[in-house]
$ cat coords-v3.cif   # mmCIF, C-alpha atoms
data_model
#
loop_
_atom_site.label_atom_id
_atom_site.label_comp_id
_atom_site.auth_asym_id
_atom_site.auth_seq_id
_atom_site.Cartn_x
_atom_site.Cartn_y
_atom_site.Cartn_z
CA MET A 1 59.99 -31.02 -56.34
CA LYS A 2 62.43 -32.76 -58.65
CA LYS A 3 63.30 -30.85 -61.80
CA GLN A 4 62.53 -32.44 -65.14
CA LYS A 5 65.64 -32.88 -67.27
CA VAL A 6 65.44 -31.60 -70.84
CA LEU A 7 67.97 -32.02 -73.63
CA PHE A 8 67.96 -29.69 -76.64
CA VAL A 9 69.72 -31.08 -79.71
CA CYS A 10 70.86 -29.59 -83.02
CA ILE A 11 73.69 -30.33 -85.44
CA HIS A 12 76.62 -28.34 -84.04
CA ASN A 13 75.31 -27.23 -80.61
CA SER A 14 76.55 -23.78 -81.58
CA ALA A 15 73.34 -21.74 -81.77
CA ARG A 16 69.74 -23.03 -81.63
CA SER A 17 70.14 -25.67 -78.93
CA GLN A 18 72.31 -23.30 -76.88
CA MET A 19 69.62 -20.60 -77.02
CA ALA A 20 66.86 -23.07 -76.13
CA GLU A 21 68.85 -24.42 -73.18
CA ALA A 22 69.57 -20.90 -71.94
CA TRP A 23 65.95 -19.77 -72.28
CA LEU A 24 64.50 -22.78 -70.47
CA ASN A 25 66.97 -22.43 -67.60
CA PHE A 26 66.42 -18.66 -67.48
CA LEU A 27 62.61 -18.76 -67.61
CA TYR A 28 61.83 -22.02 -65.83
CA GLY A 29 64.99 -23.01 -63.96
CA ASP A 30 62.89 -23.72 -60.88
CA ARG A 31 61.11 -26.59 -62.70
CA PHE A 32 63.54 -27.75 -65.39
CA GLU A 33 67.21 -28.54 -65.80
CA ALA A 34 68.09 -27.97 -69.43
CA LYS A 35 71.18 -29.13 -71.29
CA SER A 36 72.11 -29.02 -74.94
CA ALA A 37 74.29 -31.05 -77.28
CA GLY A 38 75.03 -31.55 -80.94
CA LEU A 39 75.44 -34.38 -83.39
CA GLU A 40 78.69 -32.85 -84.64
CA PRO A 41 79.76 -30.27 -82.02
CA GLY A 42 81.25 -27.14 -83.51
CA THR A 43 82.18 -23.76 -82.10
CA LEU A 44 79.79 -21.49 -80.22
CA ASN A 45 78.45 -18.91 -82.68
CA PRO A 46 79.68 -15.44 -81.56
CA LEU A 47 76.64 -13.74 -83.12
CA VAL A 48 74.36 -15.91 -81.00
CA VAL A 49 76.38 -15.07 -77.90
CA ALA A 50 75.96 -11.36 -78.73
CA ALA A 51 72.23 -11.73 -79.43
CA MET A 52 71.59 -13.49 -76.12
CA ASP A 53 73.72 -10.93 -74.27
CA GLU A 54 71.47 -8.17 -75.67
CA VAL A 55 68.58 -9.62 -73.64
CA GLY A 56 70.60 -10.25 -70.49
CA VAL A 57 71.30 -13.96 -70.95
CA ASP A 58 75.02 -14.73 -70.85
CA ILE A 59 76.06 -17.88 -72.72
CA SER A 60 79.63 -16.73 -73.38
CA ARG A 61 81.12 -19.39 -71.09
CA ASN A 62 79.15 -22.24 -72.69
CA ARG A 63 80.96 -24.91 -74.65
CA THR A 64 79.59 -27.16 -77.36
CA LYS A 65 78.95 -30.76 -76.34
CA SER A 66 78.43 -34.05 -78.15
CA ILE A 67 75.11 -35.83 -77.79
CA TYR A 68 77.02 -39.09 -77.94
CA ASP A 69 79.04 -38.18 -74.84
CA LEU A 70 75.80 -37.65 -72.91
CA PHE A 71 74.41 -40.88 -74.35
CA LYS A 72 77.51 -42.83 -73.27
CA LYS A 73 77.27 -41.39 -69.74
CA GLY A 74 73.77 -42.83 -69.52
CA GLU A 75 72.16 -39.51 -68.65
CA LEU A 76 68.39 -39.71 -68.44
CA PHE A 77 66.08 -36.99 -69.74
CA SER A 78 62.32 -36.51 -69.51
CA PHE A 79 62.32 -34.69 -72.84
CA VAL A 80 64.66 -34.62 -75.84
CA ILE A 81 63.81 -31.69 -78.10
CA THR A 82 65.43 -31.35 -81.50
CA VAL A 83 65.64 -27.79 -82.83
CA CYS A 84 67.11 -28.56 -86.25
CA ASP A 85 65.48 -29.73 -89.48
CA GLU A 86 63.63 -33.08 -89.67
CA THR A 87 66.40 -34.91 -91.53
CA ALA A 88 69.00 -34.01 -88.92
CA ALA A 89 66.58 -34.79 -86.10
CA GLU A 90 66.20 -38.35 -87.40
CA ARG A 91 69.92 -38.92 -86.72
CA CYS A 92 69.54 -38.40 -82.97
CA PRO A 93 70.08 -41.51 -80.87
CA VAL A 94 67.29 -42.95 -78.78
CA PHE A 95 67.92 -42.23 -75.11
CA PRO A 96 67.18 -44.87 -72.47
CA GLY A 97 64.29 -44.51 -70.08
CA ILE A 98 60.94 -42.89 -70.58
CA VAL A 99 61.68 -40.00 -72.89
CA LYS A 100 59.26 -37.80 -74.75
CA ARG A 101 60.75 -36.61 -78.05
CA LEU A 102 59.65 -33.30 -79.53
CA HIS A 103 60.75 -31.47 -82.64
CA TRP A 104 60.85 -27.69 -83.03
CA SER A 105 62.32 -26.57 -86.35
CA PHE A 106 64.25 -23.29 -86.48
CA PRO A 107 66.50 -21.87 -89.23
CA ASP A 108 70.20 -22.59 -88.85
CA PRO A 109 72.12 -19.40 -87.98
CA ALA A 110 75.25 -20.95 -89.51
CA LEU A 111 73.61 -20.72 -92.94
CA LEU A 112 72.82 -17.00 -92.73
CA THR A 113 74.42 -14.69 -95.27
CA GLY A 114 74.81 -10.94 -95.47
CA THR A 115 76.46 -8.27 -93.40
CA TRP A 116 77.05 -8.64 -89.69
CA GLU A 117 73.95 -6.52 -88.98
CA GLU A 118 71.78 -8.51 -91.41
CA LYS A 119 72.86 -11.74 -89.73
CA MET A 120 72.22 -10.23 -86.30
CA ASP A 121 68.70 -9.20 -87.34
CA ALA A 122 67.98 -12.75 -88.48
CA ILE A 123 69.45 -14.24 -85.30
CA ARG A 124 67.37 -11.86 -83.17
CA LYS A 125 64.25 -13.22 -84.87
CA ILE A 126 65.38 -16.82 -84.28
CA ARG A 127 66.19 -15.93 -80.65
CA CYS A 128 62.68 -14.48 -80.17
CA ASP A 129 61.03 -17.47 -81.88
CA ILE A 130 62.94 -19.90 -79.65
CA LYS A 131 62.05 -17.89 -76.54
CA LYS A 132 58.37 -17.92 -77.49
CA MET A 133 58.38 -21.67 -78.12
CA VAL A 134 60.23 -22.36 -74.85
CA ASN A 135 57.92 -20.03 -72.93
CA ASP A 136 54.75 -21.53 -74.41
CA TRP A 137 55.98 -25.07 -73.79
CA GLY A 138 57.30 -24.32 -70.29
CA VAL A 139 53.83 -23.29 -69.16
CA SER A 140 52.45 -26.71 -70.14
CA PRO A 141 55.26 -29.17 -70.99
CA GLU A 142 52.99 -32.12 -71.71
CA SER A 143 51.32 -30.43 -74.66
#

$ encode --input "coords-v3.cif" --output "structure tokens"
Amino acid sequence: MKKQKVLFVCIHNSARSQMAEAWLNFLYGDRFEAKSAGLEPGTLNPLVVAAMDEVGVDISRNRTKSIYDLFKKGELFSFVITVCDETAAERCPVFPGIVKRLHWSFPDPALLTGTWEEKMDAIRKIRCDIKKMVNDWGVSPES
């Protein structure tokens, strides 16, 4: 059975899209091949790396990637899922082929304020929300 290719997109590819990619590969790697990219690639968020490590998912070796590099390579995806706000999602390029576009909005960890622990608590919630969305969708990807 050929795996369906999924691309998760957010602004910097530093947090939300990285977590979504990791969760889909971790939970449903037998059926999906997930990648992630950003509109303006930044630096991987160390708090997100720590939060994923807490649940046994290592993303410490991941690097941020540009959506435009994937677009230029002509990569084909069955699904492109934006995990940023609607305005940013509208900036995503249209990928060739038959692609189903979905939008899942999650708060941007880069905008969190407070102490390290307060930020970690907020990121843990985002991590759990992304896992739930990925898990629910992975069971029935057409819905």

$ closest_residue --input "coords-v3.cif" --among "A:Met1, A:Phe71, A:Val9, A:Trp23" --to "Trp137 in chain A" --atoms "only C-alpha atoms"
A:Trp23

$ residues_around --input "coords-v3.cif" --residues "range 12-22 of chain A" --least-positions-apart "2" --cutoff "6 Å" --atoms "all atoms listed in the file" --output "ChimeraX atom specification"
/A:8-10,24-26,34-38,40-45,48,64

$ closest_residue --input "coords-v3.cif" --among "A:Asp69, A:Pro109, A:Asp129, A:Ser140" --to "Val49 in chain A" --atoms "only C-alpha atoms"
A:Pro109

$ atom_distance --input "coords-v3.cif" --atom1 "CA of Val134 in chain A" --atom2 "CA of Leu102 in chain A"
11.9 Å

$ closest_residue --input "coords-v3.cif" --among "A:Ala122, A:Ala110, A:Val99, A:Ile67" --to "Val80 in chain A" --atoms "all atoms listed in the file"
A:Val99

$ atom_distance --input "coords-v3.cif" --atom1 "CA of Ser66 in chain A" --atom2 "CA of Trp116 in chain A"
27.9 Å

$ resolve_selection --input "coords-v3.cif" --expression "the PyMOL selection byres ((chain A and resi 106) around 9)" --output "list in words"
Arg16, Val83, Cys84, Asp85, Trp104, Ser105, Pro107, Asp108, Pro109, Ile126, Asp129 and Ile130 of chain A

$ closest_residue --input "coords-v3.cif" --among "A:Val6, A:Gly29, A:Pro46, A:Met133" --to "Asn62 in chain A" --atoms "all atoms listed in the file"
A:Pro46

$ atom_distance --input "coords-v3.cif" --atom1 "CA of Gln4 in chain A" --atom2 "CA of Lys100 in chain A"
11.5 Å

$ closest_residue --input "coords-v3.cif" --among "A:Leu7, A:Asp53, A:Tyr28, A:His103" --to "Arg127 in chain A" --atoms "all atoms listed in the file"
A:Asp53

$ closest_residue --input "coords-v3.cif" --among "A:Lys132, A:Leu70, A:Pro141, A:Met120" --to "Met52 in chain A" --atoms "all atoms listed in the file"
A:Met120

$ axis_aligned_box --input "coords-v3.cif" --around "range 42-46 of chain A" --padding-each-side "8 Å" --output "JSON"
{"center_x": 80.3, "center_y": -21.3, "center_z": -81.9, "size_x": 19.7, "size_y": 27.7, "size_z": 19.3}

$ resolve_selection --input "coords-v3.cif" --expression "the PyMOL selection byres ((chain A and resi 77) around 6)" --output "PyMOL selection string"
chain A and resi 5-6+76+78-79
